[in-house]
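Novice: Contents of structure10.pdb (PDB, C-alpha atoms):
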ATOM      1  CA  MET A   1      73.043  86.171 -11.300
ATOM      2  CA  THR A   2      76.589  86.710 -10.113
ATOM      3  CA  GLN A   3      79.984  86.671 -11.695
ATOM      4  CA  SER A   4      80.521  83.203 -10.277
ATOM      5  CA  SER A   5      77.934  81.694 -12.631
ATOM      6  CA  SER A   6      80.084  82.474 -15.640
ATOM      7  CA  GLN A   7      83.504  81.298 -14.558
ATOM      8  CA  PRO A   8      85.795  81.240 -17.575
ATOM      9  CA  GLY A   9      87.295  77.840 -18.195
ATOM     10  CA  GLY A  10      84.740  76.079 -16.050
ATOM     11  CA  GLU A  11      83.357  72.664 -16.864
ATOM     12  CA  ALA A  12      80.326  72.815 -19.183
ATOM     13  CA  VAL A  13      77.002  72.589 -17.381
ATOM     14  CA  ARG A  14      75.818  69.016 -17.846
ATOM     15  CA  TYR A  15      72.536  68.816 -15.936
ATOM     16  CA  GLN A  16      69.238  70.669 -16.038
ATOM     17  CA  PRO A  17      66.638  71.155 -13.316
ATOM     18  CA  GLY A  18      64.540  68.014 -13.064
ATOM     19  CA  ASP A  19      67.316  65.644 -14.162
ATOM     20  CA  SER A  20      67.788  62.516 -12.080
ATOM     21  CA  VAL A  21      71.317  62.250 -10.763
ATOM     22  CA  ALA A  22      73.263  59.808  -8.627
ATOM     23  CA  VAL A  23      75.941  60.942  -6.218
ATOM     24  CA  ARG A  24      79.221  59.120  -6.699
ATOM     25  CA  VAL A  25      80.683  57.138  -3.828
ATOM     26  CA  ASP A  26      84.262  58.203  -3.413
ATOM     27  CA  ASN A  27      86.922  59.062  -0.901
ATOM     28  CA  PRO A  28      89.408  61.238  -2.759
ATOM     29  CA  GLY A  29      91.273  62.043   0.443
ATOM     30  CA  GLY A  30      92.074  65.551   1.503
ATOM     31  CA  HIS A  31      89.228  68.011   1.575
ATOM     32  CA  PHE A  32      85.910  67.435  -0.169
ATOM     33  CA  ARG A  33      82.439  68.855   0.299
ATOM     34  CA  THR A  34      80.184  65.918  -0.510
ATOM     35  CA  PRO A  35      78.820  64.500   2.753
ATOM     36  CA  ARG A  36      79.144  60.744   3.041
ATOM     37  CA  TYR A  37      75.494  60.251   3.970
ATOM     38  CA  ILE A  38      74.429  61.466   0.528
ATOM     39  CA  GLN A  39      76.987  59.493  -1.478
ATOM     40  CA  GLY A  40      75.344  56.687  -3.411
ATOM     41  CA  GLN A  41      71.952  58.378  -3.238
ATOM     42  CA  THR A  42      69.782  59.313  -6.212
ATOM     43  CA  GLY A  43      68.089  62.688  -6.380
ATOM     44  CA  ARG A  44      66.760  65.331  -8.697
ATOM     45  CA  VAL A  45      68.501  68.526  -9.780
ATOM     46  CA  ASP A  46      66.604  71.431  -8.234
ATOM     47  CA  LYS A  47      68.673  74.221  -9.717
ATOM     48  CA  LEU A  48      72.102  75.295 -10.881
ATOM     49  CA  CYS A  49      73.646  77.486  -8.178
ATOM     50  CA  GLY A  50      76.540  78.758 -10.271
ATOM     51  CA  VAL A  51      80.003  77.667 -11.333
ATOM     52  CA  PHE A  52      82.634  77.745  -8.599
ATOM     53  CA  PRO A  53      86.323  76.920  -8.224
ATOM     54  CA  ASN A  54      86.731  73.324  -7.097
ATOM     55  CA  PRO A  55      87.211  73.353  -3.300
ATOM     56  CA  GLU A  56      89.190  70.111  -3.439
ATOM     57  CA  SER A  57      91.881  72.050  -5.298
ATOM     58  CA  LEU A  58      91.519  75.331  -3.379
ATOM     59  CA  ALA A  59      92.008  73.559  -0.061
ATOM     60  CA  PHE A  60      95.563  72.650  -1.030
ATOM     61  CA  GLY A  61      96.629  75.907  -2.601
ATOM     62  CA  GLY A  62      95.416  75.031  -6.104
ATOM     63  CA  ASP A  63      93.629  77.374  -8.477
ATOM     64  CA  GLY A  64      90.317  75.515  -8.305
ATOM     65  CA  GLN A  65      90.315  74.959 -12.058
ATOM     66  CA  PRO A  66      88.475  73.695 -13.919
ATOM     67  CA  ALA A  67      85.663  75.390 -12.035
ATOM     68  CA  GLN A  68      82.715  73.115 -11.313
ATOM     69  CA  PRO A  69      79.019  73.735 -11.814
ATOM     70  CA  LEU A  70      77.332  73.502  -8.414
ATOM     71  CA  TYR A  71      73.799  72.110  -8.187
ATOM     72  CA  ARG A  72      71.246  72.078  -5.435
ATOM     73  CA  VAL A  73      70.049  68.485  -5.519
ATOM     74  CA  GLU A  74      66.784  67.327  -3.957
ATOM     75  CA  PHE A  75      66.474  63.964  -2.200
ATOM     76  CA  LEU A  76      63.482  62.324  -0.547
ATOM     77  CA  GLN A  77      64.137  61.879   3.165
ATOM     78  CA  THR A  78      62.397  58.499   3.259
ATOM     79  CA  GLN A  79      64.817  57.276   0.575
ATOM     80  CA  VAL A  80      67.933  58.648   2.259
ATOM     81  CA  TRP A  81      67.143  57.319   5.751
ATOM     82  CA  SER A  82      65.430  53.963   6.139
ATOM     83  CA  GLY A  83      64.215  54.935   9.590
ATOM     84  CA  TYR A  84      62.755  58.302   8.580
ATOM     85  CA  ASP A  85      59.303  58.517  10.125
ATOM     86  CA  GLY A  86      58.156  61.865   8.723
ATOM     87  CA  PRO A  87      55.858  62.288   5.713
ATOM     88  CA  GLY A  88      57.050  60.973   2.359
ATOM     89  CA  SER A  89      57.080  64.484   0.950
ATOM     90  CA  ASP A  90      59.855  65.684   3.299
ATOM     91  CA  LYS A  91      63.041  66.499   1.445
ATOM     92  CA  ILE A  92      66.698  67.242   1.931
ATOM     93  CA  TYR A  93      68.686  69.484  -0.368
ATOM     94  CA  VAL A  94      72.439  69.221  -0.691
ATOM     95  CA  ASP A  95      74.681  71.458  -2.804
ATOM     96  CA  ILE A  96      76.856  69.152  -4.904
ATOM     97  CA  TYR A  97      79.585  69.886  -7.451
ATOM     98  CA  GLN A  98      79.132  68.397 -10.914
ATOM     99  CA  HIS A  99      82.103  66.051 -10.770
ATOM    100  CA  TRP A 100      80.375  64.186  -7.950
ATOM    101  CA  LEU A 101      77.250  63.536 -10.031
ATOM    102  CA  GLU A 102      76.349  60.929 -12.618
ATOM    103  CA  PRO A 103      73.206  60.587 -14.710
ATOM    104  CA  ALA A 104      70.656  58.294 -13.071
ATOM    105  CA  LEU A 105      67.803  56.354 -14.568
ATOM    106  CA  GLU A 106      64.443  57.919 -13.765
ATOM    107  CA  ASP A 107      63.187  54.712 -12.169
ATOM    108  CA  SER A 108      66.348  53.760 -10.340
ATOM    109  CA  GLN A 109      65.833  52.757  -6.745
ATOM    110  CA  PRO A 110      68.084  54.667  -4.402
ATOM    111  CA  SER A 111      69.913  52.678  -1.818
ATOM    112  CA  ARG A 112      68.804  52.999   1.736
ATOM    113  CA  ARG A 113      70.873  53.779   4.748
ATOM    114  CA  GLN A 114      70.426  52.771   8.320
TER     115      GLN A 114
ATOM    116  CA  MET B   1      86.669  75.861  28.300
ATOM    117  CA  THR B   2      88.263  75.186  24.956
ATOM    118  CA  ASN B   3      85.644  76.774  22.734
ATOM    119  CA  ALA B   4      86.223  80.492  22.446
ATOM    120  CA  ASN B   5      82.677  81.163  21.274
ATOM    121  CA  VAL B   6      81.093  81.405  24.658
ATOM    122  CA  GLY B   7      77.634  82.728  25.411
ATOM    123  CA  SER B   8      74.393  81.098  24.354
ATOM    124  CA  ASN B   9      72.916  84.335  23.072
ATOM    125  CA  GLY B  10      75.036  84.325  19.947
ATOM    126  CA  HIS B  11      76.847  87.430  21.078
ATOM    127  CA  GLY B  12      79.861  85.821  22.692
ATOM    128  CA  ASP B  13      81.977  88.738  23.700
ATOM    129  CA  HIS B  14      85.260  87.047  24.222
ATOM    130  CA  ASP B  15      86.466  86.465  20.687
ATOM    131  CA  HIS B  16      88.776  88.956  19.117
ATOM    132  CA  GLU B  17      88.647  91.312  22.042
ATOM    133  CA  GLU B  18      92.352  91.479  22.083
ATOM    134  CA  HIS B  19      94.131  92.894  19.140
ATOM    135  CA  PRO B  20      96.525  90.339  17.681
ATOM    136  CA  GLY B  21      99.778  90.512  19.522
ATOM    137  CA  THR B  22      98.467  92.121  22.654
ATOM    138  CA  ALA B  23      97.123  89.082  24.489
ATOM    139  CA  HIS B  24      99.166  86.943  26.824
ATOM    140  CA  ASP B  25      99.534  83.474  25.404
ATOM    141  CA  GLU B  26      99.043  81.766  28.740
ATOM    142  CA  GLU B  27      95.502  83.155  28.901
ATOM    143  CA  LEU B  28      94.491  81.688  25.556
ATOM    144  CA  GLY B  29      92.830  78.330  25.142
ATOM    145  CA  TYR B  30      93.795  75.677  22.637
ATOM    146  CA  TYR B  31      91.635  76.898  19.761
ATOM    147  CA  ALA B  32      92.517  80.527  20.278
ATOM    148  CA  LEU B  33      96.196  79.613  20.216
ATOM    149  CA  ARG B  34      95.720  77.573  17.078
ATOM    150  CA  ALA B  35      93.889  80.472  15.393
ATOM    151  CA  ARG B  36      96.726  82.808  16.373
ATOM    152  CA  ALA B  37      99.278  80.436  14.898
ATOM    153  CA  MET B  38      97.340  80.126  11.641
ATOM    154  CA  GLU B  39      96.934  83.879  11.433
ATOM    155  CA  ALA B  40     100.665  84.345  11.926
ATOM    156  CA  LEU B  41     101.386  81.839   9.153
ATOM    157  CA  LEU B  42      98.953  83.473   6.725
ATOM    158  CA  VAL B  43     100.562  86.834   7.305
ATOM    159  CA  GLU B  44     104.081  85.445   7.153
ATOM    160  CA  LYS B  45     103.383  83.727   3.837
ATOM    161  CA  GLY B  46     101.864  86.914   2.436
ATOM    162  CA  ILE B  47      98.438  85.360   1.815
ATOM    163  CA  CYS B  48      96.719  88.176   3.682
ATOM    164  CA  SER B  49      97.633  90.987   6.012
ATOM    165  CA  THR B  50      96.819  91.454   9.681
ATOM    166  CA  GLU B  51      94.713  94.444   8.652
ATOM    167  CA  GLU B  52      92.663  92.332   6.220
ATOM    168  CA  ILE B  53      92.044  89.705   8.878
ATOM    169  CA  GLN B  54      91.011  92.347  11.379
ATOM    170  CA  ASP B  55      88.741  93.959   8.767
ATOM    171  CA  MET B  56      86.903  90.658   8.188
ATOM    172  CA  VAL B  57      86.621  90.056  11.930
ATOM    173  CA  ASP B  58      85.190  93.531  12.356
ATOM    174  CA  ARG B  59      82.702  92.995   9.541
ATOM    175  CA  VAL B  60      81.389  89.784  11.063
ATOM    176  CA  GLU B  61      81.347  91.241  14.570
ATOM    177  CA  ALA B  62      79.383  94.223  13.277
ATOM    178  CA  ARG B  63      76.575  91.963  12.064
ATOM    179  CA  SER B  64      73.939  90.358  14.229
ATOM    180  CA  PRO B  65      70.518  88.729  13.844
ATOM    181  CA  ALA B  66      69.056  92.254  14.087
ATOM    182  CA  ASP B  67      70.397  92.856  10.574
ATOM    183  CA  GLY B  68      68.619  89.784   9.255
ATOM    184  CA  ALA B  69      65.469  90.805  11.115
ATOM    185  CA  ARG B  70      65.502  94.154   9.354
ATOM    186  CA  VAL B  71      65.704  92.398   5.991
ATOM    187  CA  VAL B  72      62.873  90.004   6.860
ATOM    188  CA  ALA B  73      60.644  92.817   8.147
ATOM    189  CA  ARG B  74      61.155  94.715   4.899
ATOM    190  CA  ALA B  75      60.240  91.592   2.908
ATOM    191  CA  TRP B  76      57.061  91.136   4.977
ATOM    192  CA  SER B  77      56.096  94.755   4.361
ATOM    193  CA  ASN B  78      57.042  95.177   0.736
ATOM    194  CA  PRO B  79      56.108  92.527  -1.880
ATOM    195  CA  ASP B  80      58.491  93.952  -4.485
ATOM    196  CA  PHE B  81      61.387  93.790  -2.042
ATOM    197  CA  LYS B  82      60.442  90.243  -1.105
ATOM    198  CA  ALA B  83      60.401  89.159  -4.743
ATOM    199  CA  LEU B  84      63.836  90.704  -5.250
ATOM    200  CA  LEU B  85      65.179  89.155  -2.030
ATOM    201  CA  LEU B  86      64.162  85.696  -3.239
ATOM    202  CA  SER B  87      65.445  86.141  -6.797
ATOM    203  CA  ASP B  88      68.540  88.291  -6.253
ATOM    204  CA  PRO B  89      69.402  88.524  -2.548
ATOM    205  CA  GLU B  90      72.501  90.646  -3.043
ATOM    206  CA  ALA B  91      70.579  93.305  -4.970
ATOM    207  CA  ALA B  92      67.887  93.328  -2.284
ATOM    208  CA  LEU B  93      70.428  93.643   0.527
ATOM    209  CA  ALA B  94      72.132  96.479  -1.325
ATOM    210  CA  GLN B  95      68.843  98.397  -1.193
ATOM    211  CA  LEU B  96      69.112  98.277   2.601
ATOM    212  CA  GLY B  97      72.735  99.349   2.538
ATOM    213  CA  TYR B  98      74.310  95.942   3.046
ATOM    214  CA  SER B  99      77.176  95.209   0.724
ATOM    215  CA  LEU B 100      78.548  91.720   1.219
ATOM    216  CA  PRO B 101      82.335  91.410   0.944
ATOM    217  CA  GLU B 102      83.481  89.925  -2.350
ATOM    218  CA  THR B 103      84.976  86.940  -0.592
ATOM    219  CA  THR B 104      81.650  86.123   1.048
ATOM    220  CA  PRO B 105      79.883  83.004  -0.185
ATOM    221  CA  LYS B 106      76.750  83.596  -2.207
ATOM    222  CA  LEU B 107      73.571  84.106  -0.190
ATOM    223  CA  ASP B 108      70.331  82.339  -1.044
ATOM    224  CA  VAL B 109      67.007  83.059   0.616
ATOM    225  CA  VAL B 110      64.285  80.421   0.999
ATOM    226  CA  GLU B 111      60.714  81.237   1.967
ATOM    227  CA  ASN B 112      58.652  79.417   4.550
ATOM    228  CA  THR B 113      54.967  79.188   3.683
ATOM    229  CA  GLU B 114      51.819  77.517   5.010
ATOM    230  CA  SER B 115      52.849  74.312   3.260
ATOM    231  CA  VAL B 116      56.678  74.355   3.267
ATOM    232  CA  HIS B 117      59.111  74.779   6.185
ATOM    233  CA  HIS B 118      62.861  75.100   5.599
ATOM    234  CA  LEU B 119      65.608  74.215   8.071
ATOM    235  CA  VAL B 120      69.278  75.091   7.522
ATOM    236  CA  VAL B 121      72.264  73.063   8.669
ATOM    237  CA  CYS B 122      75.870  72.527   7.642
ATOM    238  CA  THR B 123      76.709  68.894   8.293
ATOM    239  CA  LEU B 124      80.368  69.301   7.322
ATOM    240  CA  CYS B 125      81.266  72.276   9.503
ATOM    241  CA  SER B 126      79.376  75.440  10.451
ATOM    242  CA  CYS B 127      78.567  77.301   7.208
ATOM    243  CA  TYR B 128      76.208  80.117   8.107
ATOM    244  CA  PRO B 129      75.254  83.486   6.560
ATOM    245  CA  ARG B 130      77.743  85.313   8.772
ATOM    246  CA  ALA B 131      77.955  88.301   6.446
ATOM    247  CA  LEU B 132      74.368  89.132   7.387
ATOM    248  CA  LEU B 133      73.702  87.427  10.745
ATOM    249  CA  GLY B 134      77.126  87.507  12.363
ATOM    250  CA  ARG B 135      78.451  84.422  14.100
ATOM    251  CA  PRO B 136      76.296  81.311  14.463
ATOM    252  CA  PRO B 137      75.059  80.113  17.857
ATOM    253  CA  ASP B 138      77.113  77.390  19.527
ATOM    254  CA  TRP B 139      74.417  74.755  19.129
ATOM    255  CA  TYR B 140      74.452  75.278  15.345
ATOM    256  CA  LYS B 141      78.063  74.062  15.347
ATOM    257  CA  SER B 142      77.432  71.123  17.650
ATOM    258  CA  PHE B 143      77.787  67.575  16.366
ATOM    259  CA  SER B 144      74.368  66.823  17.782
ATOM    260  CA  TYR B 145      72.566  69.502  15.745
ATOM    261  CA  ARG B 146      74.580  68.845  12.594
ATOM    262  CA  SER B 147      73.727  65.161  12.581
ATOM    263  CA  ARG B 148      70.173  65.255  13.903
ATOM    264  CA  ALA B 149      68.993  68.149  11.731
ATOM    265  CA  VAL B 150      69.301  65.969   8.643
ATOM    266  CA  ILE B 151      68.131  62.670  10.144
ATOM    267  CA  ASP B 152      65.286  63.942  12.325
ATOM    268  CA  PRO B 153      64.483  67.552  11.405
ATOM    269  CA  ARG B 154      60.956  67.366  12.783
ATOM    270  CA  GLY B 155      62.270  66.131  16.130
ATOM    271  CA  VAL B 156      64.830  68.935  16.297
ATOM    272  CA  ILE B 157      62.208  71.543  15.414
ATOM    273  CA  ARG B 158      59.890  70.066  18.050
ATOM    274  CA  GLU B 159      62.607  70.474  20.677
ATOM    275  CA  PHE B 160      62.746  74.158  19.765
ATOM    276  CA  GLY B 161      59.030  74.323  20.526
ATOM    277  CA  LEU B 162      57.382  73.949  17.139
ATOM    278  CA  ASP B 163      55.263  70.910  16.281
ATOM    279  CA  LEU B 164      54.860  70.943  12.511
ATOM    280  CA  PRO B 165      51.742  69.246  11.157
ATOM    281  CA  GLY B 166      52.212  66.358   8.726
ATOM    282  CA  ASP B 167      50.825  68.311   5.790
ATOM    283  CA  VAL B 168      53.682  70.814   6.040
ATOM    284  CA  GLU B 169      56.604  69.664   3.912
ATOM    285  CA  VAL B 170      59.939  69.927   5.733
ATOM    286  CA  ARG B 171      62.900  70.822   3.548
ATOM    287  CA  VAL B 172      66.361  70.559   5.080
ATOM    288  CA  LEU B 173      69.101  72.560   3.373
ATOM    289  CA  ASP B 174      72.594  71.202   3.951
ATOM    290  CA  SER B 175      74.799  74.170   3.041
ATOM    291  CA  THR B 176      77.999  72.275   2.426
ATOM    292  CA  ALA B 177      79.416  74.244  -0.494
ATOM    293  CA  ASP B 178      79.426  77.803  -1.857
ATOM    294  CA  LEU B 179      75.946  78.944  -0.819
ATOM    295  CA  ARG B 180      74.723  80.232   2.520
ATOM    296  CA  TYR B 181      71.029  80.047   3.317
ATOM    297  CA  LEU B 182      68.751  82.505   5.056
ATOM    298  CA  VAL B 183      65.210  81.394   5.888
ATOM    299  CA  LEU B 184      62.490  83.966   5.320
ATOM    300  CA  PRO B 185      60.050  82.984   8.076
ATOM    301  CA  ARG B 186      56.283  83.340   7.715
ATOM    302  CA  ARG B 187      54.786  86.628   8.792
ATOM    303  CA  PRO B 188      52.841  85.902  11.984
ATOM    304  CA  GLU B 189      49.081  86.353  12.266
ATOM    305  CA  GLY B 190      47.805  89.481  13.935
ATOM    306  CA  THR B 191      50.531  91.756  12.623
ATOM    307  CA  ASP B 192      48.547  93.822  10.124
ATOM    308  CA  GLY B 193      49.403  97.467  10.349
ATOM    309  CA  MET B 194      52.630  96.940  12.276
ATOM    310  CA  SER B 195      55.617  99.037  11.257
ATOM    311  CA  GLU B 196      58.805  97.477   9.900
ATOM    312  CA  ALA B 197      60.571  98.265  13.157
ATOM    313  CA  GLU B 198      57.829  96.524  15.136
ATOM    314  CA  LEU B 199      57.861  93.541  12.794
ATOM    315  CA  ALA B 200      61.639  93.230  13.085
ATOM    316  CA  GLU B 201      61.200  92.691  16.837
ATOM    317  CA  LEU B 202      59.355  89.455  16.029
ATOM    318  CA  VAL B 203      62.127  88.022  13.860
ATOM    319  CA  THR B 204      64.497  85.854  15.855
ATOM    320  CA  ARG B 205      67.821  84.374  14.854
ATOM    321  CA  ASP B 206      66.381  80.883  15.247
ATOM    322  CA  SER B 207      63.490  81.668  12.904
ATOM    323  CA  MET B 208      66.007  82.630  10.215
ATOM    324  CA  ILE B 209      67.733  79.240  10.653
ATOM    325  CA  GLY B 210      64.341  77.552  10.546
ATOM    326  CA  VAL B 211      64.307  75.791  13.916
ATOM    327  CA  THR B 212      61.397  77.997  14.974
ATOM    328  CA  GLU B 213      58.855  80.376  13.498
ATOM    329  CA  ALA B 214      58.892  84.123  14.065
ATOM    330  CA  ARG B 215      57.386  85.295  17.348
ATOM    331  CA  THR B 216      53.803  86.463  17.444
ATOM    332  CA  PRO B 217      52.956  89.817  19.044
ATOM    333  CA  GLU B 218      51.642  87.804  22.009
ATOM    334  CA  THR B 219      54.765  85.707  22.574
ATOM    335  CA  ALA B 220      56.942  88.775  22.013
ATOM    336  CA  SER B 221      55.142  90.786  24.685
ATOM    337  CA  ALA B 222      55.298  87.819  27.062
ATOM    338  CA  GLY B 223      59.057  88.097  26.834
TER     339      GLY B 223
END
Could I get this file's structure written as structure tokens?

Specialist:
Amino acid sequence: MTQSSSQPGGEAVRYQPGDSVAVRVDNPGGHFRTPRYIQGQTGRVDKLCGVFPNPESLAFGGDGQPAQPLYRVEFLQTQVWSGYDGPGSDKIYVDIYQHWLEPALEDSQPSRRQ
Amino acid sequence: MTNANVGSNGHGDHDHEEHPGTAHDEELGYYALRARAMEALLVEKGICSTEEIQDMVDRVEARSPADGARVVARAWSNPDFKALLLSDPEAALAQLGYSLPETTPKLDVVENTESVHHLVVCTLCSCYPRALLGRPPDWYKSFSYRSRAVIDPRGVIREFGLDLPGDVEVRVLDSTADLRYLVLPRRPEGTDGMSEAELAELVTRDSMIGVTEARTPETASAG
């Protein structure tokens, strides 16, 4: 859709919509865009948003390469928050760069948070 | 007051009034001083010029929720435009004369329906579709909104006056990366035959964030 979805030299797109993915738990220091509340959670790839320079590099004057595929990932609210009292169909979507994702088993049970 | 973005109407008038270099330092608060220092460093290091900074400030200041309302009203009135807005927002905005600066993060538009309600937040900072809506309201940047919007979206929406039934799926969008989200609110009942200009009057900033729905003709006329 935009020039950003075809960044030369970017990491190859690894996930497709519908894939189950787990968010890595990490604290690389510096600047990163993966909220802590979603780390360790398992979700489903909703769509590929494009391929973008890595903000963890850009934040410190780097060139952002290799560029990272960015996915909108869908999570069930009742799985992310143990105290969530809304309907089980409520969802939260977080935009996550590929290097923060790992393949997840379809039937894996996401961890719960207080 | 340390926060320079004053005014609850989203039109805080006190930012950027002074051209860089003309204000007296002793009148500036902590954050304004810090912004001035960062600007000076960026210019000194040749990363951007004062003119480029001022140009971006002017672009954001020139935008307001009225611009988003115009886009939403067009989408309500024209199914082809709506389809384009959802599939290729930049192309749709270009049809209305809006060209987003190249450095602007990509815009994505999500549609509220009878069965799905979207709510936008940025838990990490205050990412917001500024290129179309201008600056975000203060509450959008508050720690309270940023944390509660993800944990208890229905409670937050209720506090804004909307009690969503259980059969409506709530989808929170945490715009933490390279996308900015605009909610396309539902067209209210009782608006058949209204012009785009009249429809735009019903589209509020908050309805494009997803904390409320668009106004109805009745609530709009009640003030």

Novice: For segment 74-88 of chain A, find every residue with an atom within 12 Å (counting only C-alpha atoms), except residues of its own chain fewer than 4 positions away, and show them as a CSV table (one decimal) with C-alpha atoms, in the coordinates of the input.

Specialist:
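Wrote out07.csv, looks like this:
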chain,number,residue,atom,x,y,z
A,17,PRO,CA,66.6,71.2,-13.3
A,18,GLY,CA,64.5,68.0,-13.1
A,19,ASP,CA,67.3,65.6,-14.2
A,20,SER,CA,67.8,62.5,-12.1
A,21,VAL,CA,71.3,62.2,-10.8
A,22,ALA,CA,73.3,59.8,-8.6
A,23,VAL,CA,75.9,60.9,-6.2
A,36,ARG,CA,79.1,60.7,3.0
A,37,TYR,CA,75.5,60.3,4.0
A,38,ILE,CA,74.4,61.5,0.5
A,39,GLN,CA,77.0,59.5,-1.5
A,40,GLY,CA,75.3,56.7,-3.4
A,41,GLN,CA,72.0,58.4,-3.2
A,42,THR,CA,69.8,59.3,-6.2
A,43,GLY,CA,68.1,62.7,-6.4
A,44,ARG,CA,66.8,65.3,-8.7
A,45,VAL,CA,68.5,68.5,-9.8
A,46,ASP,CA,66.6,71.4,-8.2
A,47,LYS,CA,68.7,74.2,-9.7
A,48,LEU,CA,72.1,75.3,-10.9
A,92,ILE,CA,66.7,67.2,1.9
A,93,TYR,CA,68.7,69.5,-0.4
A,94,VAL,CA,72.4,69.2,-0.7
A,95,ASP,CA,74.7,71.5,-2.8
A,96,ILE,CA,76.9,69.2,-4.9
A,108,SER,CA,66.3,53.8,-10.3
A,109,GLN,CA,65.8,52.8,-6.7
A,110,PRO,CA,68.1,54.7,-4.4
A,111,SER,CA,69.9,52.7,-1.8
A,112,ARG,CA,68.8,53.0,1.7
A,113,ARG,CA,70.9,53.8,4.7
A,114,GLN,CA,70.4,52.8,8.3
B,148,ARG,CA,70.2,65.3,13.9
B,149,ALA,CA,69.0,68.1,11.7
B,150,VAL,CA,69.3,66.0,8.6
B,151,ILE,CA,68.1,62.7,10.1
B,152,ASP,CA,65.3,63.9,12.3
B,153,PRO,CA,64.5,67.6,11.4
B,154,ARG,CA,61.0,67.4,12.8
B,155,GLY,CA,62.3,66.1,16.1
B,164,LEU,CA,54.9,70.9,12.5
B,165,PRO,CA,51.7,69.2,11.2
B,166,GLY,CA,52.2,66.4,8.7
B,167,ASP,CA,50.8,68.3,5.8
B,168,VAL,CA,53.7,70.8,6.0
B,169,GLU,CA,56.6,69.7,3.9
B,170,VAL,CA,59.9,69.9,5.7
B,171,ARG,CA,62.9,70.8,3.5
B,172,VAL,CA,66.4,70.6,5.1
B,173,LEU,CA,69.1,72.6,3.4
B,174,ASP,CA,72.6,71.2,4.0

Novice: Decode the PyMOL selection byres ((chain B and resi 126) around 9) for the given file into explicit residues and return them as a PyMOL selection string.

Specialist: chain B and resi 121-125+127-128+136+140-142+146+175-176

Novice: Exactly which residues make up the result of the PyMOL selection byres ((chain A and resi 50) around 12) on this file, given as a ChimeraX atom specification?

Specialist: /A:1-7,10-13,47-49,51-54,67-72,95-98 /B:105-108,177-179

Novice: What does the file look like for those residues with C-alpha atoms, as a short mmCIF file (atom, residue, chain, number, x, y, z; two decimals), in the frame of the given file?

Specialist:
data_model
loop_
_atom_site.label_atom_id
_atom_site.label_comp_id
_atom_site.auth_asym_id
_atom_site.auth_seq_id
_atom_site.Cartn_x
_atom_site.Cartn_y
_atom_site.Cartn_z
CA MET A 1 73.04 86.17 -11.30
CA THR A 2 76.59 86.71 -10.11
CA GLN A 3 79.98 86.67 -11.70
CA SER A 4 80.52 83.20 -10.28
CA SER A 5 77.93 81.69 -12.63
CA SER A 6 80.08 82.47 -15.64
CA GLN A 7 83.50 81.30 -14.56
CA GLY A 10 84.74 76.08 -16.05
CA GLU A 11 83.36 72.66 -16.86
CA ALA A 12 80.33 72.82 -19.18
CA VAL A 13 77.00 72.59 -17.38
CA LYS A 47 68.67 74.22 -9.72
CA LEU A 48 72.10 75.30 -10.88
CA CYS A 49 73.65 77.49 -8.18
CA VAL A 51 80.00 77.67 -11.33
CA PHE A 52 82.63 77.74 -8.60
CA PRO A 53 86.32 76.92 -8.22
CA ASN A 54 86.73 73.32 -7.10
CA ALA A 67 85.66 75.39 -12.04
CA GLN A 68 82.72 73.11 -11.31
CA PRO A 69 79.02 73.74 -11.81
CA LEU A 70 77.33 73.50 -8.41
CA TYR A 71 73.80 72.11 -8.19
CA ARG A 72 71.25 72.08 -5.44
CA ASP A 95 74.68 71.46 -2.80
CA ILE A 96 76.86 69.15 -4.90
CA TYR A 97 79.58 69.89 -7.45
CA GLN A 98 79.13 68.40 -10.91
CA PRO B 105 79.88 83.00 -0.18
CA LYS B 106 76.75 83.60 -2.21
CA LEU B 107 73.57 84.11 -0.19
CA ASP B 108 70.33 82.34 -1.04
CA ALA B 177 79.42 74.24 -0.49
CA ASP B 178 79.43 77.80 -1.86
CA LEU B 179 75.95 78.94 -0.82
#

Novice: Give me, as a PDB file with C-alpha atoms, in the coordinates of the input, all polymer residues having an atom no more than 6 Å from segment 201-212 of chain B, counting all atoms listed in the file and skipping those fewer than 3 positions away in the same chain.

Specialist:
ATOM      1  CA  PRO B  65      70.518  88.729  13.844  1.00  0.00           C
ATOM      2  CA  ALA B  69      65.469  90.805  11.115  1.00  0.00           C
ATOM      3  CA  HIS B 118      62.861  75.100   5.599  1.00  0.00           C
ATOM      4  CA  LEU B 119      65.608  74.215   8.071  1.00  0.00           C
ATOM      5  CA  VAL B 120      69.278  75.091   7.522  1.00  0.00           C
ATOM      6  CA  ILE B 157      62.208  71.543  15.414  1.00  0.00           C
ATOM      7  CA  LEU B 182      68.751  82.505   5.056  1.00  0.00           C
ATOM      8  CA  VAL B 183      65.210  81.394   5.888  1.00  0.00           C
ATOM      9  CA  GLU B 198      57.829  96.524  15.136  1.00  0.00           C
ATOM     10  CA  ARG B 215      57.386  85.295  17.348  1.00  0.00           C
TER      11      ARG B 215
END

Novice: Could you state the separation of atom CA of Trp139 of chain B and atom CA of Arg180 of chain B in Å, given to one decimal place?

Specialist: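 Taking atom CA of Trp139 of chain B as the start and atom CA of Arg180 of chain B as the end point, the length is 17.5 Å.
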
Novice: If you measure from atom CA of Asp138 of chain B to atom CA of Ala59 of chain A, what distance in Å do you get, rounded to one decimal?

Specialist: 24.9 Å

Novice: Could you state the separation of atom CA of Gly61 of chain A and atom CA of Cys48 of chain B in Å, given to one decimal place?

Specialist: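 Distance reported for this atom pair: 13.8 Å.
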
Novice: Mind checking which residues fall within 9 Å of Phe60 of chain A, counting all atoms listed in the file, ignoring those fewer than 5 positions away in the same chain, and posting them as a PDB file with C-alpha atoms, in the frame of the given file?

Specialist:
ATOM      1  CA  GLY A  30      92.074  65.551   1.503  1.00  0.00           C
ATOM      2  CA  HIS A  31      89.228  68.011   1.575  1.00  0.00           C
ATOM      3  CA  PRO A  55      87.211  73.353  -3.300  1.00  0.00           C
TER       4      PRO A  55
END
